[in-house]
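See below for the structure under consideration.
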Number of protein chains: 2
Amino acid sequence: MSSKRPKAPPPLAPAAPLHSDVHDELSRRFISGKVTPGSALSTRRLAEEMGVSQTPVREALSRLAAEGAVQIRSKRKIVVPTMTEERFKELLRCRELLEPEAAVRALPYIDARRLSRLKRVDDAIGDAIIHGDLNAYMQGNFDFHFLIYDAQPRGILNRLIEILWLQFGPYMRVVYGRVGTANLVDQHERAIRAIAARDAGKLHRALLADIRDGMGLIGGSGFGREPRRIGRGRPFVYPDPEIL
Amino acid sequence: MSSKRPKAPPPLAPAAPLHSDVHDELSRRFISGKVTPGSALSTRRLAEEMGVSQTPVREALSRLAAEGAVQIRSKRKIVVPTMTEERFKELLRCRELLEPEAAVRALPYIDARRLSRLKRVDDAIGDAIIHGDLNAYMQGNFDFHFLIYDAQPRGILNRLIEILWLQFGPYMRVVYGRVGTANLVDQHERAIRAIAARDAGKLHRALLADIRDGMGLIGGSGFGREPRRIGRGRPFVYPDPEIL
DNA sequence: CGCGGCGATCTGCCATCACAGATTCTTGAC
DNA sequence: GTCAAGAATCTGTGATGGCAGATCGCCGCG
């Protein structure tokens with residue numbers, strides 16, 4: 001009953017801007033592979049779907065473009081990029097360079113509570129593999145990695161990794177959908193043991209193995225069963241290889 | 001004199017969107033250090049300055065925010081981040097991880113013509129150091145590195161590196177302005193020799209040395225002679241350490 | 001002299017509308 | 001039946017206007 005407070009104060013949740021909400025929502029879709037490579041996005045449709053105007057959507061897509069998750073073609077098209085073998089390899093190479101480092105840097109910040117959460121997530125991943133639940137698997141995989149990296153307050157390194165996952169997500173989904181999750185081996189357990197033992201070197205190697213594992217699995221599954229194929233040389237070509 | 005072509009065709013330059021122009025211009029300013037850390041940006045001012053409306057400016061700033069070059073504070077402020085020692089170290093660590101790799105990958109694509117351009121740029125850098133021309137030095141330094149990385153068509157790796165430089169630029173300027181360019185050693189020559197010899201390992205080490213060199217120079221110059229200092233512990237604190 | 005409060009002015013943010021290029025679908029001529 | 005021209009309908013883009021929060025400064029009260 002103090003005299004102040006003309007209206008209820010929003011102590012938490014200081015009213016995030018709409019474009020931020022939109023970006024978050026779209027990011028989730030990308031990382032969890034709910035958007036399919038090669039498909040087009042429309043500002044108007046997204047705006048209507050989310051109940052906002054075009055403006056915040058456009059802004060969110062602008063950010064996503066900067067993050068490489070979408071391409072803004074000059075020909076009035078904004079599409080989620082298709083994957084080429086080259087692009088895919090580069091993506092994984094970047095992950096190899098950054099993620100083990102991020103894990104090692106985060107290691108000192110991983111407390112017992114977080115470690116137990118990691119174990120729970122890993123169990124969920126195991127279930128997902130058994131039941132062939134692709135959604136659960138991808139969500140679990142994301143949670144697992146970023147539960148590690150984000151133990152330390154998010155910095156530039158983690159940000160770069162997030163950018164990689166934004167580009168990685170959509171493609172991962174289609175590949176796993178094709179190959180199935182059955183023959184996934186669980187490299188995560190190695191990581192958990194390394195964390196429990198506070199062994200940075202082991203953790204580094206475990207992450208590297210995990211990433212390379214996905215590469216072997218996916219990379220061998222063949223590219224180019226996508227929207228349309230042109231010619232026969234490199235199976236996949238951008239239908240519109242113009243600038244930007 | 002064909003029957004078609006109601007108006008002149010724009011064969012090159014397909015009329016880039018305004019927001020793209022704005023982003024390019026701002027990027028140049030950031031990379032070349034023409035913006036000072038801690039300063040605020042206003043959409044209206046920039047719009048007026050560039051002769052466009054707020055809309056494309058906001059979009060460009062959105063991209064720059066995704067690239068970490070600016071922070072969009074919730075309190076109606078959009079600022080170029082100040083530098084903390086922590087942030088600075090992380091930035092350089094990321095450069096160490098990515099740039100030598102990018103150089104090595106680009107090495108096969110560097111032809112004689114590009115190599116000679118590299119030498120010219122390096123000469124210009126030498127002159128800039130002698131004359132203490134900070135603008136020329138920073139421009140030359142940027143040109144030198146990206147002349148190497150961009151020998152290979154720009155991919156994800158180069159994109160990540162660009163993001164790092166966008167964040168790096170503003171701070172580099174103030175540090176060099178403080179320390180001076182006099183005692184800069186030229187690690188670039190090592191890189192040039194490595195390229196001429198087609199020696200990937202040598203090139204890798206040269207780049208690493210170049211980056212660490214800057215780190216030693218800058219890192220030792222002390223942080224926190226910036227806008228305002230608070231307390232005495234860690235010399236530099238965000239004046240507004242809220243979310244985002 | 002100090003300080004509290006109110007107004008002018010700044011800010012980012014978002015909705016709306018208009019424009020122009022591109023695409024698609026229809027329609028009409030041969 | 002075939003194909004080309006044009007209209008209808010998409011697309012991203014940009015300017016404008018206005019809303020609400022934040023900030024700064026001035027003015028007057030104590």
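Ligands are numbered from 1 in the order shown, residues from 1 within each chain, and chains are lettered A, B, ... in the order they appear in the structure tokens.
Residues within 9 Å of region 175-189 of chain A, counting only C-alpha atoms (C1' of nucleotides) and excluding same-chain residues fewer than 3 positions away, are Lys119, Asp122, Ile125, Gly126, Ala128, Ile129, Ile130, His131, Gly132, Asp133, Leu134, Tyr137, Phe144, Tyr171, Met172, Ile192, Arg193, Ala194, Ala206, Leu207, Ala209, Asp210, Ile211, Asp213, Gly214, Leu217, Ile218, Ser221 and Phe223 of chain A.
Residues of chain B lying within 10 Å of chain D, counting only C-alpha atoms (C1' of nucleotides), are Pro17, Leu18, His19, Val52, Ser53, Gln54, Thr55, Pro56, Lys75, Arg76 and Lys77 of chain B.
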Filtering to C-alpha atoms, could you give me those residues as a short mmCIF file (atom, residue, chain, number, x, y, z; two decimals), in the first residue's frame?
data_model
loop_
_atom_site.label_atom_id
_atom_site.label_comp_id
_atom_site.auth_asym_id
_atom_site.auth_seq_id
_atom_site.Cartn_x
_atom_site.Cartn_y
_atom_site.Cartn_z
CA PRO B 17 18.30 -2.85 -51.61
CA LEU B 18 18.86 0.23 -49.52
CA HIS B 19 19.18 -1.67 -46.27
CA VAL B 52 16.98 7.21 -46.31
CA SER B 53 14.14 6.45 -43.97
CA GLN B 54 14.40 4.71 -40.64
CA THR B 55 13.22 1.40 -42.01
CA PRO B 56 16.30 0.29 -43.94
CA LYS B 75 16.10 0.76 -22.62
CA ARG B 76 15.67 2.33 -26.02
CA LYS B 77 19.35 2.51 -26.60
#
Where does DSSP see strand (DSSP E or B) in region 3-220 of chain A, if you list the residues as a PDB file with C-alpha atoms, in the first residue's frame?
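Wrote it out as out.pdb, contents follow:
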ATOM      1  CA  ALA A  40      10.604 -20.156 -49.207  1.00  0.00           C
ATOM      2  CA  LEU A  41       9.495 -17.898 -46.420  1.00  0.00           C
ATOM      3  CA  GLN A  71      19.171 -16.203 -47.872  1.00  0.00           C
ATOM      4  CA  ILE A  72      17.533 -13.053 -49.116  1.00  0.00           C
ATOM      5  CA  ARG A  73      17.620 -13.445 -52.840  1.00  0.00           C
ATOM      6  CA  LYS A  77      12.545 -14.534 -52.663  1.00  0.00           C
ATOM      7  CA  ILE A  78      13.732 -15.341 -49.218  1.00  0.00           C
ATOM      8  CA  VAL A  79      14.604 -18.992 -48.840  1.00  0.00           C
TER       9      VAL A  79
END
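CA of Glu99 (chain A) lies 13.2 Å from CA of Gly201 (chain A).
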Those in region 14-224 of chain A with helix (DSSP H, G or I) from DSSP, as a short mmCIF file (atom, residue, chain, number, x, y, z; two decimals) with N, CA and C atoms, in the first residue's frame:
data_model
loop_
_atom_site.label_atom_id
_atom_site.label_comp_id
_atom_site.auth_asym_id
_atom_site.auth_seq_id
_atom_site.Cartn_x
_atom_site.Cartn_y
_atom_site.Cartn_z
N LEU A 18 8.71 -7.20 -30.15
CA LEU A 18 8.10 -8.24 -30.95
C LEU A 18 9.10 -8.91 -31.88
N HIS A 19 9.94 -8.11 -32.51
CA HIS A 19 10.87 -8.69 -33.47
C HIS A 19 11.79 -9.69 -32.80
N SER A 20 12.03 -9.47 -31.52
CA SER A 20 12.85 -10.41 -30.78
C SER A 20 12.11 -11.72 -30.57
N ASP A 21 10.84 -11.61 -30.21
CA ASP A 21 10.03 -12.81 -30.05
C ASP A 21 9.98 -13.61 -31.35
N VAL A 22 9.75 -12.89 -32.43
CA VAL A 22 9.67 -13.56 -33.73
C VAL A 22 10.97 -14.27 -34.04
N HIS A 23 12.07 -13.57 -33.78
CA HIS A 23 13.37 -14.18 -34.06
C HIS A 23 13.59 -15.43 -33.22
N ASP A 24 13.22 -15.36 -31.97
CA ASP A 24 13.38 -16.52 -31.11
C ASP A 24 12.56 -17.70 -31.63
N GLU A 25 11.32 -17.41 -31.96
CA GLU A 25 10.45 -18.47 -32.46
C GLU A 25 11.03 -19.09 -33.74
N LEU A 26 11.46 -18.24 -34.64
CA LEU A 26 12.02 -18.76 -35.89
C LEU A 26 13.30 -19.53 -35.63
N SER A 27 14.12 -19.04 -34.71
CA SER A 27 15.35 -19.74 -34.38
C SER A 27 15.05 -21.15 -33.90
N ARG A 28 14.05 -21.25 -33.04
CA ARG A 28 13.68 -22.58 -32.56
C ARG A 28 13.32 -23.49 -33.73
N ARG A 29 12.55 -22.94 -34.65
CA ARG A 29 12.15 -23.76 -35.79
C ARG A 29 13.35 -24.21 -36.61
N PHE A 30 14.29 -23.33 -36.76
CA PHE A 30 15.45 -23.68 -37.57
C PHE A 30 16.29 -24.73 -36.88
N ILE A 31 16.59 -24.49 -35.61
CA ILE A 31 17.48 -25.40 -34.91
C ILE A 31 16.85 -26.78 -34.76
N THR A 43 7.23 -12.96 -45.64
CA THR A 43 7.05 -12.07 -44.49
C THR A 43 5.57 -11.95 -44.13
N ARG A 44 4.73 -11.84 -45.14
CA ARG A 44 3.31 -11.67 -44.86
C ARG A 44 2.71 -12.89 -44.19
N ARG A 45 3.05 -14.05 -44.72
CA ARG A 45 2.50 -15.27 -44.13
C ARG A 45 2.93 -15.42 -42.68
N LEU A 46 4.24 -15.24 -42.44
CA LEU A 46 4.74 -15.35 -41.08
C LEU A 46 4.09 -14.31 -40.17
N ALA A 47 3.94 -13.13 -40.70
CA ALA A 47 3.33 -12.06 -39.90
C ALA A 47 1.92 -12.45 -39.49
N GLU A 48 1.17 -12.92 -40.47
CA GLU A 48 -0.21 -13.31 -40.17
C GLU A 48 -0.22 -14.47 -39.18
N GLU A 49 0.64 -15.43 -39.46
CA GLU A 49 0.70 -16.62 -38.61
C GLU A 49 1.01 -16.28 -37.17
N MET A 50 1.86 -15.27 -36.97
CA MET A 50 2.25 -14.92 -35.61
C MET A 50 1.46 -13.75 -35.05
N GLN A 54 4.22 -7.01 -40.73
CA GLN A 54 5.40 -7.44 -41.47
C GLN A 54 6.68 -6.91 -40.85
N THR A 55 6.61 -5.72 -40.28
CA THR A 55 7.81 -5.03 -39.85
C THR A 55 8.69 -5.87 -38.90
N PRO A 56 8.15 -6.33 -37.79
CA PRO A 56 9.03 -7.12 -36.92
C PRO A 56 9.48 -8.42 -37.57
N VAL A 57 8.65 -8.99 -38.43
CA VAL A 57 9.06 -10.20 -39.13
C VAL A 57 10.25 -9.92 -40.02
N ARG A 58 10.15 -8.83 -40.75
CA ARG A 58 11.24 -8.46 -41.63
C ARG A 58 12.53 -8.27 -40.86
N GLU A 59 12.41 -7.68 -39.70
CA GLU A 59 13.59 -7.45 -38.90
C GLU A 59 14.19 -8.77 -38.41
N ALA A 60 13.32 -9.66 -37.99
CA ALA A 60 13.79 -10.96 -37.53
C ALA A 60 14.46 -11.72 -38.67
N LEU A 61 13.88 -11.67 -39.84
CA LEU A 61 14.48 -12.35 -40.99
C LEU A 61 15.81 -11.72 -41.36
N SER A 62 15.91 -10.44 -41.12
CA SER A 62 17.17 -9.75 -41.36
C SER A 62 18.26 -10.33 -40.48
N ARG A 63 17.92 -10.53 -39.23
CA ARG A 63 18.89 -11.14 -38.32
C ARG A 63 19.23 -12.55 -38.76
N LEU A 64 18.20 -13.31 -39.12
CA LEU A 64 18.44 -14.68 -39.54
C LEU A 64 19.32 -14.72 -40.80
N ALA A 65 19.16 -13.73 -41.65
CA ALA A 65 20.01 -13.67 -42.83
C ALA A 65 21.45 -13.43 -42.43
N ALA A 66 21.65 -12.54 -41.46
CA ALA A 66 23.00 -12.29 -40.97
C ALA A 66 23.59 -13.54 -40.35
N GLU A 85 27.39 -30.34 -50.52
CA GLU A 85 28.36 -31.13 -49.78
C GLU A 85 29.47 -30.22 -49.25
N GLU A 86 29.86 -29.29 -50.10
CA GLU A 86 30.91 -28.36 -49.71
C GLU A 86 30.51 -27.58 -48.46
N ARG A 87 29.32 -27.01 -48.54
CA ARG A 87 28.81 -26.22 -47.43
C ARG A 87 28.72 -27.05 -46.16
N PHE A 88 28.27 -28.26 -46.35
CA PHE A 88 28.10 -29.14 -45.20
C PHE A 88 29.44 -29.44 -44.53
N LYS A 89 30.43 -29.74 -45.35
CA LYS A 89 31.74 -30.03 -44.78
C LYS A 89 32.31 -28.83 -44.03
N GLU A 90 32.10 -27.66 -44.61
CA GLU A 90 32.63 -26.45 -43.97
C GLU A 90 31.95 -26.21 -42.64
N LEU A 91 30.65 -26.45 -42.63
CA LEU A 91 29.89 -26.29 -41.39
C LEU A 91 30.45 -27.20 -40.30
N LEU A 92 30.68 -28.45 -40.66
CA LEU A 92 31.18 -29.39 -39.67
C LEU A 92 32.61 -29.05 -39.25
N ARG A 93 33.39 -28.56 -40.20
CA ARG A 93 34.74 -28.18 -39.86
C ARG A 93 34.74 -27.04 -38.84
N CYS A 94 33.85 -26.11 -39.04
CA CYS A 94 33.73 -25.00 -38.09
C CYS A 94 33.29 -25.51 -36.73
N ARG A 95 32.37 -26.44 -36.75
CA ARG A 95 31.94 -27.01 -35.47
C ARG A 95 33.13 -27.67 -34.78
N GLU A 96 33.94 -28.39 -35.55
CA GLU A 96 35.12 -29.04 -34.96
C GLU A 96 36.05 -28.04 -34.32
N LEU A 97 36.18 -26.89 -34.98
CA LEU A 97 37.11 -25.89 -34.46
C LEU A 97 36.58 -25.23 -33.19
N LEU A 98 35.29 -25.00 -33.13
CA LEU A 98 34.76 -24.15 -32.07
C LEU A 98 34.20 -24.93 -30.88
N GLU A 99 33.47 -26.00 -31.16
CA GLU A 99 32.71 -26.61 -30.07
C GLU A 99 33.57 -27.30 -29.02
N PRO A 100 34.59 -28.05 -29.41
CA PRO A 100 35.42 -28.62 -28.35
C PRO A 100 36.05 -27.54 -27.48
N GLU A 101 36.48 -26.49 -28.09
CA GLU A 101 37.03 -25.37 -27.32
C GLU A 101 36.01 -24.81 -26.34
N ALA A 102 34.80 -24.62 -26.84
CA ALA A 102 33.75 -24.08 -25.97
C ALA A 102 33.48 -25.01 -24.80
N ALA A 103 33.49 -26.30 -25.07
CA ALA A 103 33.23 -27.27 -24.01
C ALA A 103 34.33 -27.20 -22.95
N VAL A 104 35.56 -27.16 -23.41
CA VAL A 104 36.67 -27.12 -22.46
C VAL A 104 36.62 -25.85 -21.61
N ARG A 105 36.29 -24.75 -22.26
CA ARG A 105 36.21 -23.50 -21.52
C ARG A 105 35.08 -23.51 -20.50
N ALA A 106 34.02 -24.24 -20.83
CA ALA A 106 32.87 -24.27 -19.93
C ALA A 106 33.05 -25.27 -18.80
N LEU A 107 33.97 -26.19 -19.00
CA LEU A 107 34.12 -27.28 -18.04
C LEU A 107 34.18 -26.84 -16.58
N PRO A 108 35.00 -25.83 -16.26
CA PRO A 108 35.08 -25.44 -14.84
C PRO A 108 33.76 -24.95 -14.27
N TYR A 109 32.84 -24.56 -15.13
CA TYR A 109 31.59 -23.98 -14.66
C TYR A 109 30.48 -25.02 -14.52
N ALA A 112 27.53 -29.93 -10.22
CA ALA A 112 26.89 -31.25 -10.11
C ALA A 112 25.46 -31.22 -10.64
N ARG A 113 24.80 -30.13 -10.33
CA ARG A 113 23.41 -30.00 -10.78
C ARG A 113 23.31 -30.06 -12.31
N ARG A 114 24.18 -29.33 -12.95
CA ARG A 114 24.14 -29.32 -14.40
C ARG A 114 24.53 -30.67 -14.97
N LEU A 115 25.48 -31.29 -14.33
CA LEU A 115 25.90 -32.60 -14.80
C LEU A 115 24.75 -33.60 -14.73
N SER A 116 23.97 -33.51 -13.67
CA SER A 116 22.86 -34.45 -13.57
C SER A 116 21.80 -34.14 -14.62
N ARG A 117 21.63 -32.86 -14.91
CA ARG A 117 20.71 -32.51 -15.99
C ARG A 117 21.21 -33.07 -17.31
N LEU A 118 22.52 -33.01 -17.49
CA LEU A 118 23.10 -33.57 -18.71
C LEU A 118 22.77 -35.05 -18.84
N LYS A 119 22.90 -35.74 -17.72
CA LYS A 119 22.62 -37.18 -17.75
C LYS A 119 21.16 -37.43 -18.11
N ARG A 120 20.30 -36.62 -17.54
CA ARG A 120 18.88 -36.80 -17.85
C ARG A 120 18.62 -36.58 -19.34
N VAL A 121 19.21 -35.53 -19.86
CA VAL A 121 19.02 -35.26 -21.29
C VAL A 121 19.56 -36.41 -22.12
N ASP A 122 20.69 -36.93 -21.71
CA ASP A 122 21.28 -38.04 -22.46
C ASP A 122 20.39 -39.27 -22.43
N ASP A 123 19.78 -39.51 -21.28
CA ASP A 123 18.83 -40.62 -21.21
C ASP A 123 17.68 -40.41 -22.19
N ALA A 124 17.19 -39.18 -22.21
CA ALA A 124 16.08 -38.86 -23.13
C ALA A 124 16.51 -39.10 -24.57
N ILE A 125 17.75 -38.77 -24.87
CA ILE A 125 18.25 -39.00 -26.22
C ILE A 125 18.25 -40.48 -26.54
N GLY A 126 18.70 -41.26 -25.55
CA GLY A 126 18.69 -42.71 -25.75
C GLY A 126 17.29 -43.22 -26.07
N ASP A 127 16.33 -42.77 -25.29
CA ASP A 127 14.94 -43.17 -25.56
C ASP A 127 14.52 -42.76 -26.96
N ALA A 128 14.87 -41.52 -27.30
CA ALA A 128 14.44 -41.01 -28.61
C ALA A 128 15.00 -41.89 -29.73
N ILE A 129 16.26 -42.30 -29.56
CA ILE A 129 16.87 -43.16 -30.60
C ILE A 129 16.12 -44.47 -30.70
N ILE A 130 15.83 -45.05 -29.53
CA ILE A 130 15.14 -46.34 -29.52
C ILE A 130 13.78 -46.25 -30.20
N HIS A 131 13.05 -45.22 -29.83
CA HIS A 131 11.70 -45.09 -30.37
C HIS A 131 11.66 -44.40 -31.73
N LEU A 134 12.30 -38.52 -33.89
CA LEU A 134 13.27 -37.58 -34.44
C LEU A 134 13.21 -36.22 -33.72
N ASN A 135 12.00 -35.74 -33.47
CA ASN A 135 11.85 -34.47 -32.77
C ASN A 135 12.57 -34.49 -31.44
N ALA A 136 12.30 -35.53 -30.68
CA ALA A 136 12.91 -35.62 -29.36
C ALA A 136 14.42 -35.71 -29.47
N TYR A 137 14.88 -36.45 -30.46
CA TYR A 137 16.33 -36.60 -30.60
C TYR A 137 17.00 -35.26 -30.88
N MET A 138 16.44 -34.53 -31.83
CA MET A 138 17.08 -33.26 -32.17
C MET A 138 17.02 -32.28 -31.02
N GLN A 139 15.89 -32.22 -30.36
CA GLN A 139 15.79 -31.34 -29.20
C GLN A 139 16.80 -31.74 -28.14
N GLY A 140 16.90 -33.04 -27.89
CA GLY A 140 17.83 -33.52 -26.87
C GLY A 140 19.27 -33.22 -27.25
N ASN A 141 19.57 -33.42 -28.50
CA ASN A 141 20.94 -33.17 -28.95
C ASN A 141 21.32 -31.71 -28.76
N PHE A 142 20.40 -30.84 -29.13
CA PHE A 142 20.64 -29.41 -28.94
C PHE A 142 20.81 -29.09 -27.46
N ASP A 143 19.87 -29.58 -26.67
CA ASP A 143 19.95 -29.31 -25.23
C ASP A 143 21.28 -29.78 -24.66
N PHE A 144 21.68 -30.96 -25.06
CA PHE A 144 22.90 -31.53 -24.50
C PHE A 144 24.10 -30.62 -24.77
N HIS A 145 24.28 -30.25 -26.01
CA HIS A 145 25.46 -29.46 -26.35
C HIS A 145 25.44 -28.09 -25.68
N PHE A 146 24.29 -27.45 -25.73
CA PHE A 146 24.28 -26.09 -25.21
C PHE A 146 24.16 -26.06 -23.69
N LEU A 147 23.75 -27.15 -23.11
CA LEU A 147 23.82 -27.26 -21.66
C LEU A 147 25.28 -27.22 -21.22
N ILE A 148 26.14 -27.75 -22.05
CA ILE A 148 27.56 -27.68 -21.76
C ILE A 148 28.11 -26.28 -22.03
N TYR A 149 27.92 -25.83 -23.28
CA TYR A 149 28.56 -24.57 -23.67
C TYR A 149 28.07 -23.39 -22.83
N ILE A 156 31.12 -14.67 -27.13
CA ILE A 156 31.25 -14.65 -28.57
C ILE A 156 31.32 -16.06 -29.13
N LEU A 157 32.10 -16.90 -28.48
CA LEU A 157 32.28 -18.26 -28.96
C LEU A 157 30.94 -18.99 -29.05
N ASN A 158 30.17 -18.93 -28.01
CA ASN A 158 28.87 -19.60 -28.02
C ASN A 158 27.96 -19.01 -29.08
N ARG A 159 28.07 -17.73 -29.27
CA ARG A 159 27.26 -17.08 -30.29
C ARG A 159 27.60 -17.63 -31.67
N LEU A 160 28.88 -17.78 -31.95
CA LEU A 160 29.28 -18.33 -33.25
C LEU A 160 28.74 -19.75 -33.42
N ILE A 161 28.79 -20.50 -32.35
CA ILE A 161 28.30 -21.88 -32.42
C ILE A 161 26.80 -21.90 -32.69
N GLU A 162 26.09 -20.99 -32.06
CA GLU A 162 24.66 -20.91 -32.31
C GLU A 162 24.38 -20.64 -33.78
N ILE A 163 25.18 -19.76 -34.35
CA ILE A 163 25.02 -19.45 -35.77
C ILE A 163 25.19 -20.72 -36.60
N LEU A 164 26.18 -21.53 -36.23
CA LEU A 164 26.40 -22.77 -36.98
C LEU A 164 25.18 -23.69 -36.87
N TRP A 165 24.61 -23.78 -35.68
CA TRP A 165 23.47 -24.68 -35.49
C TRP A 165 22.25 -24.19 -36.23
N LEU A 166 22.13 -22.87 -36.32
CA LEU A 166 20.99 -22.33 -37.07
C LEU A 166 21.05 -22.78 -38.52
N GLN A 167 22.25 -22.87 -39.04
CA GLN A 167 22.39 -23.31 -40.42
C GLN A 167 22.32 -24.82 -40.52
N PHE A 168 22.70 -25.45 -39.45
CA PHE A 168 22.82 -26.90 -39.46
C PHE A 168 21.47 -27.58 -39.30
N GLY A 169 20.64 -27.01 -38.46
CA GLY A 169 19.37 -27.64 -38.07
C GLY A 169 18.51 -28.14 -39.20
N PRO A 170 18.13 -27.26 -40.10
CA PRO A 170 17.20 -27.69 -41.14
C PRO A 170 17.71 -28.90 -41.92
N TYR A 171 19.02 -28.91 -42.20
CA TYR A 171 19.53 -30.00 -42.99
C TYR A 171 19.62 -31.30 -42.20
N MET A 172 20.02 -31.17 -40.95
CA MET A 172 20.14 -32.34 -40.09
C MET A 172 18.83 -33.10 -40.06
N ARG A 173 17.77 -32.37 -39.95
CA ARG A 173 16.46 -32.99 -39.89
C ARG A 173 16.19 -33.87 -41.11
N VAL A 174 16.42 -33.36 -42.28
CA VAL A 174 16.08 -34.15 -43.46
C VAL A 174 16.99 -35.36 -43.57
N VAL A 175 18.27 -35.19 -43.15
CA VAL A 175 19.18 -36.32 -43.26
C VAL A 175 18.79 -37.43 -42.28
N TYR A 176 18.53 -37.04 -41.06
CA TYR A 176 18.12 -38.05 -40.09
C TYR A 176 16.80 -38.67 -40.50
N GLY A 177 15.94 -37.86 -41.08
CA GLY A 177 14.68 -38.40 -41.54
C GLY A 177 14.89 -39.47 -42.61
N ARG A 178 15.94 -39.29 -43.38
CA ARG A 178 16.23 -40.25 -44.44
C ARG A 178 16.95 -41.47 -43.89
N VAL A 179 17.99 -41.21 -43.09
CA VAL A 179 18.84 -42.30 -42.62
C VAL A 179 18.23 -43.02 -41.43
N HIS A 188 27.81 -39.17 -26.52
CA HIS A 188 27.61 -38.23 -25.44
C HIS A 188 28.08 -38.79 -24.10
N GLU A 189 27.98 -40.10 -23.99
CA GLU A 189 28.36 -40.70 -22.72
C GLU A 189 29.84 -40.46 -22.43
N ARG A 190 30.64 -40.52 -23.48
CA ARG A 190 32.06 -40.22 -23.30
C ARG A 190 32.23 -38.82 -22.73
N ALA A 191 31.46 -37.89 -23.28
CA ALA A 191 31.56 -36.51 -22.81
C ALA A 191 31.18 -36.42 -21.34
N ILE A 192 30.11 -37.11 -20.98
CA ILE A 192 29.67 -37.07 -19.59
C ILE A 192 30.74 -37.62 -18.65
N ARG A 193 31.35 -38.72 -19.05
CA ARG A 193 32.41 -39.27 -18.21
C ARG A 193 33.57 -38.30 -18.09
N ALA A 194 33.90 -37.66 -19.21
CA ALA A 194 35.01 -36.71 -19.19
C ALA A 194 34.70 -35.55 -18.25
N ILE A 195 33.46 -35.10 -18.28
CA ILE A 195 33.09 -33.99 -17.40
C ILE A 195 33.17 -34.42 -15.94
N ALA A 196 32.64 -35.60 -15.67
CA ALA A 196 32.66 -36.10 -14.29
C ALA A 196 34.08 -36.21 -13.79
N ALA A 200 39.79 -32.25 -19.19
CA ALA A 200 39.55 -31.36 -20.33
C ALA A 200 39.93 -32.03 -21.65
N GLY A 201 41.06 -32.72 -21.64
CA GLY A 201 41.51 -33.36 -22.88
C GLY A 201 40.52 -34.40 -23.37
N LYS A 202 40.05 -35.20 -22.44
CA LYS A 202 39.07 -36.23 -22.76
C LYS A 202 37.81 -35.59 -23.32
N LEU A 203 37.38 -34.51 -22.68
CA LEU A 203 36.17 -33.83 -23.13
C LEU A 203 36.34 -33.31 -24.54
N HIS A 204 37.48 -32.72 -24.77
CA HIS A 204 37.77 -32.21 -26.11
C HIS A 204 37.66 -33.33 -27.15
N ARG A 205 38.27 -34.43 -26.86
CA ARG A 205 38.24 -35.55 -27.82
C ARG A 205 36.84 -36.11 -27.97
N ALA A 206 36.09 -36.13 -26.87
CA ALA A 206 34.73 -36.68 -26.95
C ALA A 206 33.86 -35.83 -27.87
N LEU A 207 33.95 -34.52 -27.71
CA LEU A 207 33.16 -33.64 -28.57
C LEU A 207 33.56 -33.79 -30.02
N LEU A 208 34.87 -33.83 -30.24
CA LEU A 208 35.37 -33.99 -31.60
C LEU A 208 34.81 -35.27 -32.21
N ALA A 209 34.84 -36.33 -31.43
CA ALA A 209 34.32 -37.61 -31.92
C ALA A 209 32.84 -37.52 -32.23
N ASP A 210 32.12 -36.85 -31.37
CA ASP A 210 30.68 -36.71 -31.57
C ASP A 210 30.38 -36.00 -32.88
N ILE A 211 31.10 -34.92 -33.12
CA ILE A 211 30.86 -34.15 -34.34
C ILE A 211 31.24 -34.96 -35.57
N ARG A 212 32.40 -35.58 -35.51
CA ARG A 212 32.88 -36.35 -36.67
C ARG A 212 31.99 -37.55 -36.93
N ASP A 213 31.43 -38.04 -35.87
CA ASP A 213 30.51 -39.15 -35.98
C ASP A 213 29.33 -38.77 -36.87
N GLY A 214 28.71 -37.65 -36.51
CA GLY A 214 27.61 -37.17 -37.31
C GLY A 214 28.02 -36.96 -38.75
N MET A 215 29.24 -36.49 -38.91
CA MET A 215 29.73 -36.25 -40.26
C MET A 215 29.80 -37.54 -41.05
N GLY A 216 30.38 -38.56 -40.46
CA GLY A 216 30.49 -39.83 -41.18
C GLY A 216 29.11 -40.35 -41.54
N LEU A 217 28.22 -40.27 -40.57
CA LEU A 217 26.87 -40.78 -40.81
C LEU A 217 26.15 -40.00 -41.90
N ILE A 218 26.15 -38.70 -41.74
CA ILE A 218 25.40 -37.87 -42.67
C ILE A 218 26.12 -37.74 -43.99
N GLY A 219 27.41 -37.47 -43.91
CA GLY A 219 28.17 -37.21 -45.12
C GLY A 219 28.09 -38.36 -46.10
#
Taking only C-alpha atoms (C1' of nucleotides) into account, find every residue of chain C that has an atom no more than 10 Å from chain B, and write it out as a list in words.
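Output check: DC10, DT11, DG12 and DC13 of chain C.
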CA of Thr82 (chain B) to CA of Arg154 (chain A) measures 16.4 Å
Could you please determine the separation between CA of Ala69 (chain A) and CA of Gln152 (chain B) in Å, to one decimal place?
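Taking CA of Ala69 (chain A) as the start and CA of Gln152 (chain B) as the end point, the length is 21.3 Å.
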